[in-house]
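Next comes data.tsv, a file with TSV, C-alpha atoms.
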```
chain	number	residue	atom	x	y	z
A	1	MET	CA	69.87	51.64	-81.05
A	2	ALA	CA	69.16	48.12	-79.84
A	3	PRO	CA	72.14	46.30	-78.28
A	4	ILE	CA	73.78	43.55	-80.31
A	5	PRO	CA	73.92	40.21	-78.50
A	6	MET	CA	77.38	38.75	-78.12
A	7	PRO	CA	77.94	35.14	-79.17
A	8	GLY	CA	76.90	32.71	-76.44
A	9	HIS	CA	74.79	35.32	-74.60
A	10	ALA	CA	71.04	35.85	-74.63
A	11	ALA	CA	69.66	39.21	-75.59
A	12	PRO	CA	68.86	41.35	-72.54
A	13	ALA	CA	65.21	41.51	-71.53
A	14	THR	CA	63.28	44.72	-71.73
A	15	ALA	CA	63.25	46.45	-68.34
A	16	PRO	CA	59.83	46.95	-66.69
A	17	THR	CA	58.81	50.54	-66.12
A	18	THR	CA	56.76	49.91	-62.95
A	19	THR	CA	56.50	47.41	-60.15
A	20	PRO	CA	53.34	46.69	-58.14
A	21	THR	CA	54.64	47.15	-54.61
A	22	ALA	CA	57.87	49.09	-54.18
A	23	THR	CA	60.31	51.48	-55.83
A	24	ARG	CA	63.12	49.74	-57.68
A	25	GLU	CA	66.05	50.67	-59.91
A	26	ALA	CA	65.50	50.31	-63.63
A	27	ALA	CA	66.72	47.08	-65.16
A	28	PRO	CA	70.29	47.26	-66.54
A	29	GLU	CA	70.48	49.13	-69.81
A	30	THR	CA	73.10	48.56	-72.54
A	31	ASP	CA	73.25	51.99	-74.17
A	32	VAL	CA	76.15	53.09	-71.97
A	33	PRO	CA	79.15	53.78	-74.23
A	34	GLY	CA	81.42	50.79	-74.37
A	35	ALA	CA	78.78	48.34	-73.18
A	36	ARG	CA	77.77	45.94	-75.96
A	37	GLY	CA	74.97	43.99	-74.30
A	38	VAL	CA	77.28	41.90	-72.14
A	39	ARG	CA	75.89	41.18	-68.67
A	40	GLY	CA	78.27	40.66	-65.78
A	41	ALA	CA	80.53	42.26	-63.26
A	42	GLY	CA	81.86	45.73	-63.80
A	43	ARG	CA	78.62	47.20	-65.12
A	44	PRO	CA	77.50	50.54	-63.67
A	45	THR	CA	74.69	50.64	-61.13
A	46	GLY	CA	71.45	52.44	-61.87
A	47	ALA	CA	72.68	55.62	-60.17
A	48	ALA	CA	76.04	55.43	-61.94
A	49	ARG	CA	74.35	54.89	-65.29
A	50	GLY	CA	72.21	57.94	-64.74
A	51	SER	CA	75.31	59.97	-64.04
A	52	ALA	CA	77.18	58.58	-67.01
A	53	THR	CA	74.40	59.14	-69.53
A	54	GLY	CA	73.09	62.40	-68.08
A	55	ARG	CA	69.72	60.80	-67.30
A	56	ALA	CA	68.12	60.33	-63.91
A	57	PRO	CA	67.61	56.67	-62.91
A	58	ARG	CA	64.09	55.49	-63.60
A	59	THR	CA	61.81	54.48	-60.68
A	60	ALA	CA	58.56	52.59	-60.44
A	61	ASP	CA	55.25	54.22	-59.68
A	62	ALA	CA	54.48	54.83	-56.01
A	63	ALA	CA	52.92	51.94	-54.09
A	64	PRO	CA	49.16	52.11	-53.50
A	65	ALA	CA	47.95	53.85	-50.40
A	66	SER	CA	47.17	51.73	-47.32
A	67	PRO	CA	43.56	50.66	-46.79
A	68	THR	CA	41.15	53.04	-45.14
A	69	ALA	CA	39.43	52.32	-41.84
A	70	SER	CA	36.16	51.50	-43.59
A	71	PRO	CA	35.65	47.72	-43.98
A	72	THR	CA	33.65	48.33	-47.17
A	73	ALA	CA	36.63	49.83	-49.01
A	74	PRO	CA	38.70	47.02	-50.58
A	75	PRO	CA	42.16	47.21	-48.99
A	76	THR	CA	45.16	47.14	-51.27
A	77	ALA	CA	47.96	46.16	-48.88
A	78	PRO	CA	48.00	44.49	-45.45
A	79	PRO	CA	48.30	46.95	-42.57
A	80	ALA	CA	51.07	46.58	-40.05
A	81	ALA	CA	50.80	43.66	-37.64
A	82	PRO	CA	49.36	44.61	-34.24
A	83	ALA	CA	51.26	44.32	-31.01
A	84	GLY	CA	50.86	41.11	-29.08
A	85	GLY	CA	53.76	38.95	-30.15
A	86	ALA	CA	53.41	35.17	-30.12
A	87	ALA	CA	49.97	35.25	-28.47
A	88	ALA	CA	48.51	37.45	-31.20
A	89	ALA	CA	50.15	35.32	-33.89
A	90	ARG	CA	48.57	32.21	-32.37
A	91	ARG	CA	45.11	33.80	-32.20
A	92	ARG	CA	45.04	34.68	-35.89
A	93	PRO	CA	45.02	31.10	-37.24
A	94	GLU	CA	42.47	30.22	-34.55
A	95	LEU	CA	40.27	33.08	-35.77
A	96	ALA	CA	40.67	31.93	-39.39
A	97	ALA	CA	39.72	28.33	-38.59
A	98	PHE	CA	36.78	29.44	-36.43
A	99	LEU	CA	35.28	31.68	-39.13
A	100	ARG	CA	35.71	29.06	-41.84
A	101	GLY	CA	34.01	26.45	-39.69
A	102	ARG	CA	31.08	28.69	-38.82
A	103	ARG	CA	30.66	29.80	-42.45
A	104	ALA	CA	30.55	26.20	-43.66
A	105	ARG	CA	27.56	25.33	-41.49
A	106	VAL	CA	25.29	28.20	-42.71
A	107	THR	CA	23.51	27.32	-45.95
A	108	PRO	CA	22.13	29.82	-48.48
A	109	ALA	CA	18.62	28.67	-47.53
A	110	ASP	CA	19.32	29.67	-43.91
A	111	VAL	CA	19.72	33.29	-44.99
A	112	GLY	CA	17.09	33.34	-47.72
A	113	MET	CA	19.45	33.02	-50.71
A	114	PRO	CA	19.08	30.63	-53.66
A	115	PRO	CA	21.77	27.93	-53.73
A	116	GLY	CA	22.70	28.62	-57.37
A	117	PRO	CA	23.97	26.11	-59.93
A	118	ARG	CA	27.13	24.02	-59.51
A	119	ARG	CA	27.71	25.05	-55.92
A	120	ARG	CA	30.76	23.32	-54.45
A	121	THR	CA	31.34	25.43	-51.32
A	122	PRO	CA	29.82	23.95	-48.15
A	123	GLY	CA	27.76	26.68	-46.60
A	124	LEU	CA	28.10	30.32	-47.63
A	125	ARG	CA	30.80	31.74	-49.85
A	126	ARG	CA	33.07	34.46	-48.52
A	127	GLU	CA	31.55	37.08	-50.79
A	128	GLU	CA	28.07	36.13	-49.56
A	129	VAL	CA	29.10	36.58	-45.93
A	130	ALA	CA	30.63	39.95	-46.81
A	131	GLN	CA	27.50	41.05	-48.66
A	132	LEU	CA	25.14	39.99	-45.89
A	133	SER	CA	27.36	41.63	-43.25
A	134	GLY	CA	27.74	44.88	-45.17
A	135	VAL	CA	31.53	44.73	-45.42
A	136	GLY	CA	33.98	44.58	-48.30
A	137	VAL	CA	34.78	41.18	-49.80
A	138	THR	CA	38.54	41.73	-49.55
A	139	TRP	CA	38.27	42.93	-45.97
A	140	TYR	CA	36.26	39.87	-44.90
A	141	THR	CA	38.61	37.57	-46.82
A	142	TRP	CA	41.54	38.98	-44.91
A	143	LEU	CA	39.66	38.63	-41.63
A	144	GLU	CA	38.96	34.96	-42.38
A	145	GLN	CA	42.54	34.42	-43.45
A	146	GLY	CA	43.67	35.63	-40.04
A	147	ARG	CA	45.56	38.63	-41.35
A	148	PRO	CA	46.41	41.33	-38.78
A	149	ILE	CA	43.62	43.81	-39.52
A	150	ASN	CA	41.55	45.89	-37.14
A	151	ALA	CA	37.87	45.09	-36.59
A	152	SER	CA	35.28	47.09	-34.70
A	153	ALA	CA	32.61	45.67	-32.41
A	154	GLN	CA	29.92	46.78	-34.87
A	155	VAL	CA	31.52	44.87	-37.76
A	156	LEU	CA	32.05	41.76	-35.64
A	157	ASP	CA	28.41	41.92	-34.55
A	158	ALA	CA	27.33	42.04	-38.19
A	159	VAL	CA	29.51	39.03	-39.07
A	160	ALA	CA	28.23	37.18	-35.98
A	161	ARG	CA	24.62	37.75	-37.04
A	162	THR	CA	25.31	36.51	-40.57
A	163	LEU	CA	27.04	33.38	-39.26
A	164	ARG	CA	24.30	32.86	-36.66
A	165	LEU	CA	26.68	32.70	-33.72
A	166	ASP	CA	25.27	32.07	-30.26
A	167	ARG	CA	26.39	34.00	-27.17
A	168	ALA	CA	29.37	31.76	-26.42
A	169	GLU	CA	30.52	31.76	-30.05
A	170	ARG	CA	30.14	35.52	-30.30
A	171	GLU	CA	32.26	36.02	-27.19
A	172	HIS	CA	34.86	33.61	-28.60
A	173	LEU	CA	34.95	35.60	-31.85
A	174	TYR	CA	35.56	38.83	-29.93
A	175	HIS	CA	38.40	37.33	-27.91
A	176	LEU	CA	40.12	35.90	-31.01
A	177	ALA	CA	39.80	39.25	-32.80
A	178	GLU	CA	41.12	41.04	-29.66
A	179	VAL	CA	38.04	43.23	-29.34
A	180	PRO	CA	36.57	43.87	-25.84
A	181	TYR	CA	33.38	41.90	-25.34
A	182	ALA	CA	30.58	43.46	-23.28
A	183	VAL	CA	28.53	40.90	-21.36
A	184	ARG	CA	24.96	42.06	-21.68
A	185	HIS	CA	22.80	39.87	-19.47
A	186	GLU	CA	24.32	37.08	-17.43
A	187	ALA	CA	26.37	39.28	-15.08
A	188	ALA	CA	23.17	40.86	-13.77
A	189	ALA	CA	21.79	37.56	-12.45
A	190	GLU	CA	20.57	37.92	-8.87
A	191	ALA	CA	19.04	34.51	-8.16
A	192	VAL	CA	19.03	30.93	-9.36
A	193	GLY	CA	16.17	28.63	-10.28
A	194	ALA	CA	14.61	25.95	-8.12
A	195	GLU	CA	16.56	23.23	-9.95
A	196	ILE	CA	19.96	24.68	-8.97
A	197	GLN	CA	18.80	25.35	-5.43
A	198	GLY	CA	17.68	21.74	-5.19
A	199	ILE	CA	21.10	20.51	-6.32
A	200	ILE	CA	23.03	22.43	-3.70
A	201	ASP	CA	20.50	21.50	-0.97
A	202	ALA	CA	21.03	17.84	-1.87
A	203	LEU	CA	24.78	18.23	-1.21
A	204	ASP	CA	24.17	18.79	2.52
A	205	PRO	CA	26.06	18.09	4.83
A	206	HIS	CA	28.69	19.34	2.39
A	207	PRO	CA	28.67	23.13	2.09
A	208	ALA	CA	27.70	24.49	-1.34
A	209	VAL	CA	27.11	27.96	-2.76
A	210	VAL	CA	26.39	29.60	-6.10
A	211	TYR	CA	28.71	32.52	-6.89
A	212	ASN	CA	28.96	34.68	-9.94
A	213	THR	CA	32.41	35.74	-11.10
A	214	ARG	CA	32.30	38.73	-8.72
A	215	TYR	CA	31.74	36.41	-5.72
A	216	ASP	CA	28.19	37.65	-5.21
A	217	ILE	CA	26.28	35.06	-3.17
A	218	LEU	CA	23.32	33.90	-5.29
A	219	ALA	CA	22.26	30.76	-3.39
A	220	THR	CA	23.48	28.70	-0.42
A	221	ASN	CA	22.66	25.48	1.39
A	222	PRO	CA	22.40	25.06	5.19
A	223	ALA	CA	25.93	23.62	5.52
A	224	TYR	CA	27.43	26.67	3.82
A	225	ARG	CA	25.53	28.90	6.21
A	226	ASP	CA	27.03	26.90	9.10
A	227	LEU	CA	30.54	27.55	7.87
A	228	PHE	CA	30.56	31.09	6.51
A	229	LEU	CA	29.67	34.46	7.99
A	230	VAL	CA	26.12	34.65	6.68
A	231	PRO	CA	24.76	36.80	9.59
A	232	GLN	CA	27.64	39.24	9.19
A	233	THR	CA	27.11	39.34	5.44
A	234	GLU	CA	23.45	40.18	5.94
A	235	ALA	CA	24.35	42.86	8.47
A	236	ILE	CA	26.86	44.46	6.10
A	237	GLY	CA	24.19	44.60	3.40
A	238	VAL	CA	26.47	43.48	0.55
A	239	PRO	CA	25.73	39.85	-0.45
A	240	ASN	CA	29.32	39.20	-1.47
A	241	VAL	CA	31.66	36.79	0.30
A	242	LEU	CA	34.82	38.64	-0.71
A	243	TRP	CA	33.48	41.91	0.68
A	244	THR	CA	32.56	40.22	3.96
A	245	LEU	CA	35.93	38.50	4.41
A	246	PHE	CA	37.79	41.78	3.92
A	247	VAL	CA	35.70	44.07	6.12
A	248	VAL	CA	34.94	41.86	9.16
A	249	PRO	CA	37.54	41.83	11.99
A	250	ARG	CA	40.38	39.39	11.33
A	251	SER	CA	39.43	37.45	14.46
A	252	ASP	CA	35.99	36.71	12.98
A	253	CYS	CA	37.28	35.38	9.66
A	254	PRO	CA	36.51	31.64	9.31
A	255	LEU	CA	39.59	31.07	7.13
A	256	VAL	CA	42.54	29.81	9.18
A	257	PHE	CA	45.08	30.81	6.54
A	258	ARG	CA	43.47	34.11	5.70
A	259	ASP	CA	46.65	35.83	4.53
A	260	SER	CA	47.25	33.21	1.82
A	261	GLU	CA	43.60	32.55	0.87
A	262	LEU	CA	42.41	36.11	0.26
A	263	PRO	CA	45.14	36.95	-2.29
A	264	VAL	CA	44.06	33.88	-4.29
A	265	MET	CA	40.44	35.02	-4.24
A	266	VAL	CA	41.39	38.53	-5.35
A	267	ALA	CA	43.51	37.12	-8.18
A	268	THR	CA	40.55	34.97	-9.27
A	269	LEU	CA	38.34	38.06	-9.22
A	270	ARG	CA	40.91	39.93	-11.29
A	271	GLY	CA	40.88	37.19	-13.91
A	272	ALA	CA	37.12	37.62	-14.34
A	273	TYR	CA	37.37	41.42	-14.30
A	274	GLY	CA	39.18	41.38	-17.65
A	275	ARG	CA	35.87	40.48	-19.34
A	276	HIS	CA	33.99	43.28	-17.58
A	277	VAL	CA	36.33	46.27	-17.71
A	278	GLY	CA	34.28	49.47	-17.83
A	279	GLU	CA	31.00	47.89	-16.72
A	280	PRO	CA	29.42	50.12	-14.05
A	281	ALA	CA	28.57	47.29	-11.63
A	282	TRP	CA	32.11	45.94	-11.67
A	283	GLU	CA	33.83	49.31	-11.50
A	284	GLU	CA	31.62	50.38	-8.59
A	285	PHE	CA	32.30	47.12	-6.73
A	286	VAL	CA	36.09	47.39	-7.09
A	287	ARG	CA	36.07	51.07	-6.16
A	288	GLY	CA	33.80	50.52	-3.15
A	289	LEU	CA	35.74	47.58	-1.73
A	290	SER	CA	39.05	49.39	-2.30
A	291	LEU	CA	37.75	52.25	-0.16
A	292	ALA	CA	36.35	49.90	2.50
A	293	SER	CA	39.53	47.79	2.71
A	294	PRO	CA	43.04	49.15	2.05
A	295	GLU	CA	44.21	45.53	2.16
A	296	PHE	CA	42.00	44.67	-0.80
A	297	ALA	CA	43.19	47.81	-2.62
A	298	ASP	CA	46.83	46.71	-2.25
A	299	LEU	CA	46.10	43.18	-3.48
A	300	TRP	CA	44.07	44.52	-6.41
A	301	ALA	CA	46.89	46.84	-7.40
A	302	SER	CA	49.27	43.86	-7.66
A	303	GLY	CA	47.45	42.75	-10.83
A	304	ASN	CA	47.82	39.02	-10.12
A	305	VAL	CA	45.46	36.68	-12.03
A	306	ILE	CA	44.48	33.09	-11.12
A	307	PRO	CA	41.65	31.00	-12.65
A	308	PRO	CA	39.09	29.24	-10.43
A	309	GLY	CA	40.06	25.71	-9.50
A	310	PRO	CA	40.08	23.04	-6.77
A	311	ARG	CA	41.88	24.10	-3.61
A	312	VAL	CA	42.14	22.93	-0.02
A	313	LYS	CA	40.88	25.49	2.48
A	314	THR	CA	41.03	25.26	6.26
A	315	PHE	CA	38.08	26.67	8.22
A	316	ARG	CA	37.77	27.40	11.90
A	317	HIS	CA	34.44	26.72	13.65
A	318	THR	CA	33.79	27.37	17.32
A	319	ALA	CA	31.75	24.17	17.76
A	320	VAL	CA	33.90	21.57	15.97
A	321	GLY	CA	37.34	23.15	15.53
A	322	GLU	CA	39.29	23.16	12.26
A	323	LEU	CA	37.83	21.71	9.06
A	324	ARG	CA	40.01	21.01	6.01
A	325	MET	CA	37.83	21.17	2.91
A	326	THR	CA	38.51	20.81	-0.81
A	327	SER	CA	36.63	23.39	-2.88
A	328	VAL	CA	35.53	22.42	-6.40
A	329	SER	CA	33.93	24.79	-8.93
A	330	LEU	CA	31.19	23.43	-11.20
A	331	SER	CA	29.88	25.33	-14.21
A	332	ILE	CA	26.13	25.84	-14.65
A	333	ASN	CA	24.59	25.34	-18.08
A	334	GLY	CA	22.83	28.50	-19.20
A	335	MET	CA	24.59	30.65	-16.56
A	336	PRO	CA	28.11	31.12	-17.94
A	337	GLU	CA	29.03	33.79	-15.40
A	338	CYS	CA	28.03	31.64	-12.42
A	339	ARG	CA	29.37	28.52	-10.77
A	340	ILE	CA	28.54	26.10	-7.96
A	341	VAL	CA	31.33	25.86	-5.40
A	342	ALA	CA	31.07	22.67	-3.34
A	343	TYR	CA	33.25	21.82	-0.32
A	344	THR	CA	34.12	18.22	0.53
A	345	PRO	CA	36.08	16.94	3.56
A	346	ASP	CA	39.79	16.51	2.91
A	347	ASP	CA	40.32	13.98	5.73
A	348	GLU	CA	38.35	11.71	8.04
A	349	GLU	CA	38.50	14.10	10.99
A	350	THR	CA	36.89	16.81	8.88
A	351	ARG	CA	34.27	14.34	7.68
A	352	ARG	CA	33.26	13.68	11.28
A	353	GLY	CA	33.25	17.41	12.01
A	354	VAL	CA	30.93	18.13	9.07
A	355	ALA	CA	28.53	15.40	10.21
A	356	ARG	CA	28.64	16.84	13.71
A	357	LEU	CA	27.71	20.28	12.41
A	358	ARG	CA	24.59	18.89	10.76
A	359	GLU	CA	23.59	17.15	13.99
A	360	LEU	CA	24.00	20.39	15.91
A	361	ARG	CA	22.00	22.30	13.33
A	362	ARG	CA	19.12	19.83	13.56
A	363	ALA	CA	19.17	20.01	17.34
A	364	GLU	CA	19.45	23.79	17.43
A	365	PRO	CA	17.95	25.51	14.37
A	366	GLU	CA	19.67	28.84	15.03
A	367	ASP	CA	22.73	29.55	12.91
A	368	LEU	CA	25.79	27.92	14.45
A	369	THR	CA	28.12	30.82	13.64
A	370	ASP	CA	26.36	33.18	16.09
```
Represent the structure from my file as structure tokens, please.
Amino acid sequence: MAPIPMPGHAAPATAPTTTPTATREAAPETDVPGARGVRGAGRPTGAARGSATGRAPRTADAAPASPTASPTAPPTAPPAAPAGGAAAARRRPELAAFLRGRRARVTPADVGMPPGPRRRTPGLRREEVAQLSGVGVTWYTWLEQGRPINASAQVLDAVARTLRLDRAEREHLYHLAEVPYAVRHEAAAEAVGAEIQGIIDALDPHPAVVYNTRYDILATNPAYRDLFLVPQTEAIGVPNVLWTLFVVPRSDCPLVFRDSELPVMVATLRGAYGRHVGEPAWEEFVRGLSLASPEFADLWASGNVIPPGPRVKTFRHTAVGELRMTSVSLSINGMPECRIVAYTPDDEETRRGVARLRELRRAEPEDLTD
């Protein structure tokens, strides 16, 4: 029997039988004896009503299952947020903005699609990116919205191809999505072109060198060879300044403040290593130097990370004494894993010492560190 509304009170609404997301109690019913449709305090709860009427309380249907791992299956509920705290939360809006910006610059004509009538979206639509990438529309929408979902390298590669990302943009996408990025070509560079060699030669009498992020020596100018242990490096057979500085006797090290300089270099190496974890060349280098130098192994185990940057280093040279030099790292266009490191005098005394070294080199062509 339908409840009779009391004067001044609206009739109770019909209770829904299901809810879309979670289990709930049934809406209050008015067929409990003594209740005449009046809402308010003193009414039994759902469980109490079930007990009083002899009926079990009604529940909604079960919530939909969580999305599967396949990006082509439309997910029905957001998965749990990944670990990472504030940093991960900051990356997600960056990822969303990056994908929207890259999608807006790719036109249908760029991917061989007709523009269609009444097109208002700049660039591709989300569903078009999903179709061309072979992923579900809902999954890609969530990715572009910055929701905390998991993405594999294969799926990110497909999205990157659709959006026509270059190497730097692809790496940026991987970092924002928290997926390890494997550098495929630049880390294997073993030499530089004539243009870069000409630049560092022109810096003489200031020392200059081209390193990759592992401190491999790719090119030097004569002033650098005056200052560093180039003959010892050649004798060791590993063209790497960090390796040389750790394995030569401490008395031969050109760094006056060796004990404070080498930890900084190892921490800089460690910062670059994060982009190369698991790569055979890097793993072999770290393992080999750890075996050759327990001191390096201890510093590596500390896990400290420092980015490259300008620093004042003090060198010791047998011919001119101490030289205080400021090191500056310069990026090289087209060689993202390499940098020019140039050294400039930090005071007038060092400036005179550097000029003196060049005079000695011109008078005696043999390397001045012998």
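Picture a line from CA of Val129 (chain A) to CA of Leu163 (chain A); it runs 7.7 Å.
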Choose the residue, out of A:Pro222, A:Pro207, A:Gly116, A:Pro148, that has the smallest atom-to-atom separation from Pro93 (chain A); count all atoms listed in the file.
A:Pro148
Can you tell me how far CA of Trp300 (chain A) sits from CA of Val266 (chain A), in Å to one decimal?
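Those two atoms sit 6.6 Å apart.
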Quick one: residues within 12 Å of Ser293 (chain A), only C-alpha atoms, excluding same-chain residues fewer than 6 positions away - as a PyMOL selection string?
chain A and resi 242-249+285-287+299-300
Export of prior selection with C-alpha atoms as an mmCIF file, in the coordinates of the input:
```cif
data_model
loop_
_atom_site.group_PDB
_atom_site.id
_atom_site.type_symbol
_atom_site.label_atom_id
_atom_site.label_comp_id
_atom_site.auth_asym_id
_atom_site.auth_seq_id
_atom_site.Cartn_x
_atom_site.Cartn_y
_atom_site.Cartn_z
ATOM 1 C CA LEU A 242 34.820 38.640 -0.710
ATOM 2 C CA TRP A 243 33.480 41.910 0.680
ATOM 3 C CA THR A 244 32.560 40.220 3.960
ATOM 4 C CA LEU A 245 35.930 38.500 4.410
ATOM 5 C CA PHE A 246 37.790 41.780 3.920
ATOM 6 C CA VAL A 247 35.700 44.070 6.120
ATOM 7 C CA VAL A 248 34.940 41.860 9.160
ATOM 8 C CA PRO A 249 37.540 41.830 11.990
ATOM 9 C CA PHE A 285 32.300 47.120 -6.730
ATOM 10 C CA VAL A 286 36.090 47.390 -7.090
ATOM 11 C CA ARG A 287 36.070 51.070 -6.160
ATOM 12 C CA LEU A 299 46.100 43.180 -3.480
ATOM 13 C CA TRP A 300 44.070 44.520 -6.410
#
```
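The interatomic distance for the pair CA of Ile200 (chain A) and CA of Glu169 (chain A) works out to 28.9 Å.
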If I wrap all listed atoms of region 319-326 of chain A in a box with edges along x, y and z and add 5 Å on each side, what are its centre and edge lengths in Å to one decimal, as lines of an AutoDock Vina configuration file?
```
center_x = 35.9
center_y = 22.5
center_z = 8.5
size_x = 18.3
size_y = 13.4
size_z = 28.6
```
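Closest to Pro205 (chain A) among A:Ala342, A:Ala223, A:Val192, A:Ala267 is A:Ala223, based on only C-alpha atoms.
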Pick from A:Pro280, A:Gly309, A:Gly321, A:Gly303 nearest to Arg356 (chain A), counting all atoms listed in the file:
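Closest candidate: A:Gly321.
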Closest of A:Ile332, A:Ile306, A:Ala202, A:Cys338 to Gly274 (chain A) - atom-to-atom distances counting only C-alpha atoms:
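Checking each of A:Ile332, A:Ile306, A:Ala202, A:Cys338 against Gly274 (chain A), counting only C-alpha atoms, the winner is A:Ile306.
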Check the smallest atom-to-atom distance from each of A:Ala301, A:Ala158, A:Ala104, A:Leu269 to Tyr211 (chain A) using all atoms listed in the file, then report the winner.
A:Leu269
Between A:Val256, A:Ala208, A:Val135, A:Val277, which has the minimum distance to Val328 (chain A) (counting all atoms listed in the file)?
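Closest residue, counting all atoms listed in the file: A:Ala208.
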Would you kindly identify which residues have an atom no farther than 10 Å from (25.1, 31.5, -4.5), using all atoms listed in the file and the file's own coordinates, and write them out as a ChimeraX atom specification?
/A:190-192,196-197,200,208-212,215-221,224,239-241,338-341
Name all residues at most 9 Å from Glu322 (chain A) (count only C-alpha atoms; drop same-chain ones fewer than 6 positions away) and give them as JSON, numbers by chain.
{"A": [256, 314, 315, 316, 350, 353]}
Could you please take those selected residues and save C-alpha atoms as a short mmCIF file (atom, residue, chain, number, x, y, z; two decimals), in the frame of the given file?
```cif
data_model
loop_
_atom_site.label_atom_id
_atom_site.label_comp_id
_atom_site.auth_asym_id
_atom_site.auth_seq_id
_atom_site.Cartn_x
_atom_site.Cartn_y
_atom_site.Cartn_z
CA VAL A 256 42.54 29.81 9.18
CA THR A 314 41.03 25.26 6.26
CA PHE A 315 38.08 26.67 8.22
CA ARG A 316 37.77 27.40 11.90
CA THR A 350 36.89 16.81 8.88
CA GLY A 353 33.25 17.41 12.01
#
```
Could you name the residues that touch Arg105 (chain A) at 8 Å or less, counting all atoms listed in the file, but leaving out those on the same chain fewer than 3 positions away, as a list in words?
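With the cut-off at 8 Å, the set is Gly101, Arg102, Pro122, Gly123 and Leu124 of chain A.
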